[in-house]
Amino acid sequence: MPISILPPQPAQSRLPPDPDSDHDDEKVTLNEDGDFVRMASSQKRPKAISIVTPGEIVTSDPQWMRGHGTYLLQSKDSTTDGSGSDAEMEDGADTAAVGGSGGGSIVATVAGTVQKVNKLLSVKPLRARYAPEIGDLVVGRIMEVQSKRWKVDINSTLTAHLLLSSINLPGGILRKRTSTDELQIRSFFSEGDLLVAEVQGLFQDGAASLHTRSLKYGKLRNGYFLKVKAGGIVRGKSHIITLEAANGAGEVDVILGVNGYVWVSKKVTLQAPPGGESITRLEEEASEAIYSNVNEDIAPATRREIARIGNCVRAMVSWNVRVDEEVLNAVYLSALELEEMGIDGEGSIGSGVEYLEGEVGRIVVLAGMDRVSSANLRAGGMVE
Amino acid sequence: MSRYEILSPEGLRTDGRRWNEMRRFSPKMATTTAADGSSYIEHGNTKVICSVNGPIEPRASSARNSERATITVDVCFAAFSGTDRKKRGKGDKRVLEMQSALSRTFASTLLTILHPRSEVHISLHILSQDGSILATCVNAATLALVDAGVPMTDYVTACTVASYTNPDESDEPLLDMNSAEEMDLPGITLATVGRNDKISLLQLETKVRLERLEGMMAVGIDGCAKIRQLLDRAVRDHGNEMARMGAL
Amino acid sequence: MPRELDPTINEKSFILDALNQKLRIDGRDLDVFRELELSFGDDYGLADVRLGKTRVLARVSAEVVKPFTDRPFEGIFTITTELGPMASPAFEPGRQTEQEVLLSRLIEKAIRRSNALDTESLCIVAGQKCWQIRADVHFLSHDGALVDASCIAVVAALQHFRRPDVSIEGEKVTIHTMTERVPVPLSILHVPICVTFSFYLDGEVCLVDATLQEEQLRQGDMTITLNKFGELCQIAKAGGLAINALILLRCAKIALVKAGEIAAIVQRRLEEDAAVRVRRDNLLESKADNERA
């Protein structure tokens, strides 16, 4: 499939072209696809996005409940001495009652966009630290080992806790933790280890409690860690993606933590013995190796593709493209194609073509998007 | 410098401004990627860069408060920022006072109650000094806090006002002091919260007649409102740009 | 750092409810200082200020030193403050806390930078010798309003202080002992008085001279320093609750009245003390000295 290769543009045009002024050709094809909204809906109707800033009155209509990113300004006098109650914006029910009776106005506390869910009005900040939610898949790093738990950096406001009781202890089947486990807590995770986990619950102050009680979760090895801006990874169907890497590199796993931490690694294959094995048996086998600190041997070709995929993720995030399996695959293929052709067909980039910052990244991402949209069109055509 | 040069008979100041004119104010937000929020403000020749980290896990256990977020401020004067190259030490009382004033100013404006047991760290670097330093620090910190998405009741904006004594003993407020005016004239630094004239920070360090305070405050409140507009525009521009990039 | 215990919930709600009805728990009106007791020591330059339970001691001493090279015609005036565990168990000795830094900066700005003391009069031989005046402030008991009390203590001690007389004959400088010649008072240009306001209930209630408990519960504060001539020396409102400008101006007007009252009390006590001294020591010379000054 031919892809459109654009002439290089000056570096300062980091923005996609203004949808109003110069609607570029590749943008048009992109927008023809009616239900294709990945490249941020804003590009279709940029005027619809309005920014509110702190202190701005969002509405004085008493029908709205205030959500995150807002506070209630009493119309009589601004804030009472119990500004605490005013600021408890988490508590929707309570505030709704206040809003109904007091007739105050809802005021934004952060700069961002207004979001309305039923009667709940909240402001989503332009940028903020990751706020954990139950069920989020996160990649984290052990900061501190305590007697019965680990403190894990997950890029959020407070460090998360991983209790000794919420990991898979070795020795197969789920068992109760013992004092021996407590003593050898460092043999499971020690300072600096990376892990993938799920947010199990939240403490009162917003700190997350994690668990790794699944085969999918646990210690990370054989790979490459990268951090993208929080909010760059959107909550989606699946956060663990397996890609078929080119150049004989085998399969590569990508773990997209919702907190903006990403792990790209060589696919770990569990050596399940042939023949029907029960799940518990598998788990038992797995748990032996699960806390190992030794990396497997990774071929140079695989390392290369891991780096390339990492850069693809980075480029996608910096160009505000939602990272999911389909698009990542397409962008990765485009990146490979780019290496074959060179950026302007002259092969001028040379060897360091895994590098996907700036303009190169934009071209690759756009080409990847094109690829996805045309595939979608074809698929749609077939259905009809 | 004699007093007459501060304001010429035509009503122009040394740098050609009128009494109610501010120096060029150019705010930029999201200037560094490492921090959660950052800003850079040029106010005339005063240049301040600010980065905000947080809310984060407190770095020192003393900064942990189980009810609200703690705000810590680091102010650093670059050695090359003034006319003579001089490094201000960490323990300088003036710097400590500035830090405490900034942290208390934002403690009352940010909704710290939403992030208990955490810390919001504001770090300010003064790259070039030409008067109104505390005011510029307040503005830079506000912008960086907005960028970091830390919830606040409203913008905190600050400016300075000098009180000039005409040859005929009448007084005239001068908005936004540069360092020459700061040297020769008494003046106030004033920060307001939001659009109404609620004053969160007010500092006066030189002797001045009590009667002049009202006039200076009135001009200062107008100046703060103007700066609020400018900051607000910077935030909106930034937001619209992000929207155009498709980041929202 | 050991922290001062916060008032209990009961105390808090009681005090705030009372303030809401414009009442203070010690029965004072909102804009009334506690009883100011000021006493002087036997020596010159020792002032002991009691404001309710707050007690601050200021000692002024003088010494002949070499002036700073960049200011050869001026004497040196320093104020040191020490916030030790004597004032309150919450203060640790040795380490400078933020509170102490702010306190000493405030007093410094209020008295030293407003030129309350004429430093040029302290010069003996330009570039060679000058008086260094030190004011040491000791906090003996902390029940709020430390700034106000220490400012009163320092200005009272400065006015009370007498330095030894000097005579210059050519290159030779003689410092006369107190018995030899009548010591001379310092040249005080004006008497700055600090008034600290505490804000509650969104600035609807503002108190002067808050006690420790009231200080712990306040939402914001502002210290205004001025003299009885209506010259502002310093204003410090460092953050805290945002207050309407009109309220701040009203506070400044109240502060002017208070400053006049306090300065008058200090003046009266100084005169009383001088009278006592004359009677006790039968120092007729000191009278002559007063006339000379």
# chains A, B, ... in the order shown; residues from 1 in each chain; ligands from 1
$ residues_around --residues "Tyr164 in chain B" --least-positions-apart "4" --cutoff "12 Å" --atoms "only C-alpha atoms" --output "JSON, numbers by chain"
{"B": [3, 4, 5, 6, 7, 8, 11, 13, 19, 168, 169, 170, 171, 172, 173, 174, 175, 177, 181, 182, 184, 185, 186, 187, 188, 208, 209, 212, 213, 215, 216]}
$ write_last_selection --atoms "C-alpha atoms" --output "PDB file, in the first residue's frame"
ATOM      1  CA  ARG B   3      14.178  62.303  42.810  1.00  0.00           C
ATOM      2  CA  TYR B   4      13.169  64.471  39.916  1.00  0.00           C
ATOM      3  CA  GLU B   5      14.504  62.017  37.400  1.00  0.00           C
ATOM      4  CA  ILE B   6      12.121  59.323  38.577  1.00  0.00           C
ATOM      5  CA  LEU B   7       9.211  61.172  37.072  1.00  0.00           C
ATOM      6  CA  SER B   8       9.874  63.871  34.498  1.00  0.00           C
ATOM      7  CA  GLY B  11       4.871  62.661  33.641  1.00  0.00           C
ATOM      8  CA  ARG B  13       9.330  57.741  34.223  1.00  0.00           C
ATOM      9  CA  TRP B  19       2.370  56.362  36.168  1.00  0.00           C
ATOM     10  CA  ASP B 168       4.871  70.297  45.373  1.00  0.00           C
ATOM     11  CA  GLU B 169       4.571  67.598  48.079  1.00  0.00           C
ATOM     12  CA  SER B 170       1.543  65.963  46.488  1.00  0.00           C
ATOM     13  CA  ASP B 171       1.886  62.262  45.998  1.00  0.00           C
ATOM     14  CA  GLU B 172       1.362  60.057  43.039  1.00  0.00           C
ATOM     15  CA  PRO B 173       1.272  56.272  42.898  1.00  0.00           C
ATOM     16  CA  LEU B 174       3.469  54.628  40.283  1.00  0.00           C
ATOM     17  CA  LEU B 175       2.458  51.165  39.137  1.00  0.00           C
ATOM     18  CA  MET B 177       8.429  49.530  40.183  1.00  0.00           C
ATOM     19  CA  GLU B 181      12.341  53.149  41.608  1.00  0.00           C
ATOM     20  CA  GLU B 182      12.416  50.470  44.273  1.00  0.00           C
ATOM     21  CA  ASP B 184      14.434  55.524  45.769  1.00  0.00           C
ATOM     22  CA  LEU B 185      10.759  55.345  46.544  1.00  0.00           C
ATOM     23  CA  PRO B 186       8.636  53.689  49.183  1.00  0.00           C
ATOM     24  CA  GLY B 187       6.367  51.088  47.701  1.00  0.00           C
ATOM     25  CA  ILE B 188       4.121  48.180  48.390  1.00  0.00           C
ATOM     26  CA  VAL B 208       5.509  56.204  53.924  1.00  0.00           C
ATOM     27  CA  ARG B 209       2.638  58.358  55.103  1.00  0.00           C
ATOM     28  CA  ARG B 212      -0.906  57.344  50.832  1.00  0.00           C
ATOM     29  CA  LEU B 213      -1.663  53.707  51.432  1.00  0.00           C
ATOM     30  CA  GLY B 215      -4.153  55.360  46.767  1.00  0.00           C
ATOM     31  CA  MET B 216      -1.368  52.857  46.348  1.00  0.00           C
TER      32      MET B 216
END
$ closest_atom_pairs --of "range 109-215 of chain B" --to "range 63-78 of chain B" --cutoff "6 Å" --atoms "only C-alpha atoms" --output "Markdown table"
| residue | atom | partner | partner_atom | distance |
| --- | --- | --- | --- | --- |
| B:Thr112 | CA | B:Ala69 | CA | 4.8 |
| B:Ile113 | CA | B:Arg68 | CA | 4.3 |
| B:His115 | CA | B:Ala69 | CA | 5.3 |
| B:Pro116 | CA | B:Arg68 | CA | 4.0 |
| B:Arg117 | CA | B:Ser66 | CA | 4.8 |
| B:Ser118 | CA | B:Ala69 | CA | 4.9 |
| B:Glu119 | CA | B:Thr70 | CA | 4.7 |
| B:Val120 | CA | B:Ile71 | CA | 4.8 |
| B:His121 | CA | B:Thr72 | CA | 4.9 |
| B:Ile122 | CA | B:Val73 | CA | 4.7 |
| B:Ser123 | CA | B:Asp74 | CA | 4.7 |
| B:Leu124 | CA | B:Val75 | CA | 4.8 |
| B:His125 | CA | B:Cys76 | CA | 4.9 |
| B:Ile126 | CA | B:Phe77 | CA | 4.9 |
| B:Leu127 | CA | B:Ala78 | CA | 5.5 |
$ write_last_selection --atoms "N, CA and C atoms" --output "tab-separated table (two decimals), in the first residue's frame"
chain	number	residue	atom	x	y	z
B	112	THR	N	-5.79	22.84	49.46
B	112	THR	CA	-4.84	21.85	49.95
B	112	THR	C	-5.54	20.68	50.62
B	113	ILE	N	-6.78	20.88	51.00
B	113	ILE	CA	-7.48	19.84	51.73
B	113	ILE	C	-7.75	18.62	50.86
B	115	HIS	N	-5.66	17.13	48.91
B	115	HIS	CA	-4.52	16.21	48.79
B	115	HIS	C	-3.81	16.06	50.12
B	116	PRO	N	-4.47	15.40	51.08
B	116	PRO	CA	-3.83	15.28	52.38
B	116	PRO	C	-2.56	14.45	52.29
B	117	ARG	N	-1.68	14.66	53.22
B	117	ARG	CA	-0.44	13.90	53.37
B	117	ARG	C	0.50	14.04	52.19
B	118	SER	N	0.31	15.04	51.38
B	118	SER	CA	1.20	15.20	50.24
B	118	SER	C	1.86	16.57	50.30
B	119	GLU	N	2.71	16.81	49.36
B	119	GLU	CA	3.48	18.05	49.34
B	119	GLU	C	3.40	18.65	47.95
B	120	VAL	N	3.24	19.96	47.90
B	120	VAL	CA	3.34	20.66	46.63
B	120	VAL	C	4.60	21.49	46.72
B	121	HIS	N	5.51	21.22	45.85
B	121	HIS	CA	6.79	21.91	45.94
B	121	HIS	C	6.92	22.92	44.82
B	122	ILE	N	7.13	24.16	45.20
B	122	ILE	CA	7.28	25.23	44.21
B	122	ILE	C	8.74	25.66	44.23
B	123	SER	N	9.37	25.64	43.10
B	123	SER	CA	10.75	26.06	43.08
B	123	SER	C	10.91	27.21	42.10
B	124	LEU	N	11.45	28.30	42.60
B	124	LEU	CA	11.53	29.53	41.81
B	124	LEU	C	12.98	29.92	41.61
B	125	HIS	N	13.34	30.25	40.41
B	125	HIS	CA	14.68	30.74	40.14
B	125	HIS	C	14.57	32.14	39.56
B	126	ILE	N	15.27	33.06	40.20
B	126	ILE	CA	15.26	34.42	39.68
B	126	ILE	C	16.48	34.57	38.80
B	127	LEU	N	16.22	34.76	37.52
B	127	LEU	CA	17.32	34.79	36.56
B	127	LEU	C	17.81	36.21	36.36
$ interface_residues --of "chain C" --to "chain A" --cutoff "12 Å" --atoms "only C-alpha atoms" --output "PyMOL selection string"
chain C and resi 13+16-17+20+199-205+217-220+241-244
$ write_last_selection --atoms "C-alpha atoms" --output "PDB file, in the first residue's frame"
ATOM      1  CA  SER C  13     -15.623  25.928  68.464  1.00  0.00           C
ATOM      2  CA  LEU C  16     -14.869  30.852  67.148  1.00  0.00           C
ATOM      3  CA  ASP C  17     -18.530  30.907  68.121  1.00  0.00           C
ATOM      4  CA  ASN C  20     -18.831  35.215  65.660  1.00  0.00           C
ATOM      5  CA  PHE C 199      -8.420  37.698  60.970  1.00  0.00           C
ATOM      6  CA  TYR C 200     -11.268  35.308  61.499  1.00  0.00           C
ATOM      7  CA  LEU C 201     -14.448  34.390  59.692  1.00  0.00           C
ATOM      8  CA  ASP C 202     -13.348  35.667  56.302  1.00  0.00           C
ATOM      9  CA  GLY C 203     -12.077  38.914  57.649  1.00  0.00           C
ATOM     10  CA  GLU C 204     -15.343  39.887  59.271  1.00  0.00           C
ATOM     11  CA  VAL C 205     -13.669  39.752  62.653  1.00  0.00           C
ATOM     12  CA  LEU C 217      -7.042  29.601  65.366  1.00  0.00           C
ATOM     13  CA  ARG C 218      -6.629  32.612  63.139  1.00  0.00           C
ATOM     14  CA  GLN C 219      -6.944  32.346  59.408  1.00  0.00           C
ATOM     15  CA  GLY C 220      -4.683  35.214  58.562  1.00  0.00           C
ATOM     16  CA  LEU C 241      -6.721  34.585  54.353  1.00  0.00           C
ATOM     17  CA  ALA C 242      -7.343  37.097  51.599  1.00  0.00           C
ATOM     18  CA  ILE C 243      -8.897  40.201  53.093  1.00  0.00           C
ATOM     19  CA  ASN C 244     -10.887  42.949  51.513  1.00  0.00           C
TER      20      ASN C 244
END
$ interface_residues --of "chain C" --to "chain B" --cutoff "7 Å" --atoms "only C-alpha atoms" --output "list in words"
Val101, Leu102, Lys109, Ser114, Gly230, Glu231, Leu232, Cys233, Gln234, Ile235, Ala236, Lys237, Ala238, Gly239, Gly240, Leu241, Ala242, Ile243, Asn244, Ala245 and Leu249 of chain C
$ closest_residue --among "A:Glu337, A:Asp205, A:Asp253, A:Glu144" --to "chain B" --atoms "only C-alpha atoms"
A:Asp205
$ select_by_dssp --residues "range 137-222 of chain A" --states "strand (DSSP E)" --output "MDAnalysis selection string"
chainID A and resid 137:145 149:153 160:163 194:202 208:211 218:219
$ select_by_dssp --residues "range 33-120 of chain B" --states "alpha helix (DSSP H)" --output "PyMOL selection string"
chain B and resi 93-109
$ write_last_selection --atoms "C-alpha atoms" --output "compact mmCIF listing (two decimals), in the first residue's frame"
# COMPACT_ATOMS: atom_id res chain seq x y z
CA LYS B 93 16.78 35.80 56.04
CA ARG B 94 15.27 37.76 53.18
CA VAL B 95 15.03 34.62 51.08
CA LEU B 96 13.53 32.68 53.96
CA GLU B 97 10.99 35.41 54.46
CA MET B 98 10.06 35.36 50.78
CA GLN B 99 9.67 31.60 50.87
CA SER B 100 7.44 31.74 53.87
CA ALA B 101 5.34 34.54 52.41
CA LEU B 102 4.88 32.62 49.16
CA SER B 103 4.04 29.38 50.86
CA ARG B 104 1.50 31.02 53.13
CA THR B 105 -0.02 32.93 50.24
CA PHE B 106 -0.64 29.78 48.28
CA ALA B 107 -1.62 27.72 51.31
CA SER B 108 -4.72 29.86 51.63
CA THR B 109 -5.59 29.84 47.95
$ closest_residue --among "B:Thr136, B:Ser39, B:Thr157, B:Asn240" --to "chain A" --atoms "only C-alpha atoms"
B:Asn240
$ atom_distance --atom1 "CA of Asp148 in chain C" --atom2 "CA of Gln96 in chain C"
20.0 Å
$ closest_atom_pairs --of "chain B" --to "chain A" --cutoff "9 Å" --atoms "only C-alpha atoms" --output "Markdown table"
| residue | atom | partner | partner_atom | distance |
| --- | --- | --- | --- | --- |
| B:Thr33 | CA | A:Lys229 | CA | 8.8 |
| B:Asp36 | CA | A:Arg129 | CA | 7.1 |
| B:Gly37 | CA | A:Arg127 | CA | 8.2 |
| B:Gly54 | CA | A:Thr157 | CA | 6.5 |
| B:Pro55 | CA | A:Thr157 | CA | 4.9 |
| B:Ile56 | CA | A:Thr157 | CA | 4.4 |
| B:Glu57 | CA | A:Leu158 | CA | 4.7 |
| B:Pro58 | CA | A:Leu158 | CA | 8.3 |
| B:Ser66 | CA | A:Asp205 | CA | 8.4 |
| B:Glu67 | CA | A:Asp205 | CA | 8.9 |
| B:Leu110 | CA | A:Thr109 | CA | 8.6 |
| B:Leu111 | CA | A:Ala87 | CA | 6.6 |
| B:Thr112 | CA | A:Ala87 | CA | 8.9 |
| B:Ile113 | CA | A:Gly84 | CA | 6.7 |
| B:Leu114 | CA | A:Glu88 | CA | 7.0 |
| B:His115 | CA | A:Asp205 | CA | 6.8 |
| B:Pro116 | CA | A:Asp205 | CA | 5.8 |
| B:Arg117 | CA | A:Asp205 | CA | 7.2 |
| B:Ser118 | CA | A:Leu158 | CA | 6.5 |
| B:Glu119 | CA | A:Thr157 | CA | 8.5 |
| B:Val146 | CA | A:Ala111 | CA | 6.3 |
| B:Asp147 | CA | A:Arg127 | CA | 6.5 |
| B:Ala148 | CA | A:Ala128 | CA | 5.5 |
| B:Gly149 | CA | A:Ala128 | CA | 4.7 |
| B:Val150 | CA | A:Val110 | CA | 6.7 |
| B:Pro151 | CA | A:Thr109 | CA | 4.8 |
| B:Met152 | CA | A:Thr109 | CA | 4.8 |
| B:Thr153 | CA | A:Thr109 | CA | 5.4 |
| B:Asp154 | CA | A:Gly55 | CA | 4.1 |
| B:Tyr155 | CA | A:Pro54 | CA | 6.4 |
| B:Gly194 | CA | A:Gly55 | CA | 6.5 |
| B:Arg195 | CA | A:Gly55 | CA | 8.4 |
| B:Asp232 | CA | A:Thr53 | CA | 7.0 |
| B:Val235 | CA | A:Thr53 | CA | 7.3 |
| B:Arg236 | CA | A:Ile51 | CA | 6.3 |
| B:Gly239 | CA | A:Ile51 | CA | 6.2 |
| B:Asn240 | CA | A:Ile51 | CA | 7.1 |
| B:Glu241 | CA | A:Leu15 | CA | 8.3 |
| B:Met242 | CA | A:Leu126 | CA | 8.0 |
| B:Ala243 | CA | A:Ser42 | CA | 6.3 |
| B:Arg244 | CA | A:Pro46 | CA | 6.5 |
| B:Met245 | CA | A:Leu15 | CA | 5.8 |
| B:Gly246 | CA | A:Ala40 | CA | 4.9 |
| B:Ala247 | CA | A:Asn320 | CA | 5.3 |
| B:Leu248 | CA | A:Ser42 | CA | 7.2 |
$ atom_distance --atom1 "CA of Ala263 in chain C" --atom2 "CA of Glu35 in chain C"
14.0 Å
$ atom_distance --atom1 "CA of Tyr44 in chain C" --atom2 "CA of Leu106 in chain C"
25.0 Å
$ residues_around --residues "range 23-29 of chain C" --least-positions-apart "5" --cutoff "10 Å" --atoms "only C-alpha atoms" --output "PyMOL selection string"
chain C and resi 14-18+34+205+207-208+210-211+214
$ residues_around --residues "Pro72 in chain C" --least-positions-apart "3" --cutoff "7 Å" --atoms "only C-alpha atoms" --output "short mmCIF file (atom, residue, chain, number, x, y, z; two decimals) with C-alpha atoms, in the first residue's frame"
data_model
loop_
_atom_site.label_atom_id
_atom_site.label_comp_id
_atom_site.auth_asym_id
_atom_site.auth_seq_id
_atom_site.Cartn_x
_atom_site.Cartn_y
_atom_site.Cartn_z
CA PRO C 67 32.32 51.00 61.62
CA PHE C 68 31.56 49.13 58.42
CA THR C 69 33.87 50.27 55.66
CA ALA C 126 34.62 58.62 61.11
CA GLY C 127 35.84 55.30 59.74
#
$ residues_around --residues "Ile233 in chain A" --least-positions-apart "4" --cutoff "7 Å" --atoms "only C-alpha atoms" --output "short mmCIF file (atom, residue, chain, number, x, y, z; two decimals) with N, CA and C atoms, in the first residue's frame"
data_model
loop_
_atom_site.label_atom_id
_atom_site.label_comp_id
_atom_site.auth_asym_id
_atom_site.auth_seq_id
_atom_site.Cartn_x
_atom_site.Cartn_y
_atom_site.Cartn_z
N LEU A 256 1.16 -1.06 28.85
CA LEU A 256 0.88 0.37 28.92
C LEU A 256 0.25 0.67 30.26
N VAL A 258 -1.53 2.78 33.00
CA VAL A 258 -2.39 3.96 32.91
C VAL A 258 -1.69 5.18 33.51
N GLY A 260 1.16 6.24 32.94
CA GLY A 260 2.14 6.85 32.06
C GLY A 260 3.47 6.11 32.04
N ARG A 322 -4.06 8.07 20.59
CA ARG A 322 -4.35 7.08 21.60
C ARG A 322 -3.60 5.78 21.29
N VAL A 323 -2.94 5.26 22.29
CA VAL A 323 -2.13 4.06 22.07
C VAL A 323 -3.00 2.84 22.32
#
$ residues_around --residues "range 163-177 of chain C" --least-positions-apart "4" --cutoff "10 Å" --atoms "only C-alpha atoms" --output "PyMOL selection string"
chain C and resi 44-45+60-64+122+124-125+129+131+133+181-186
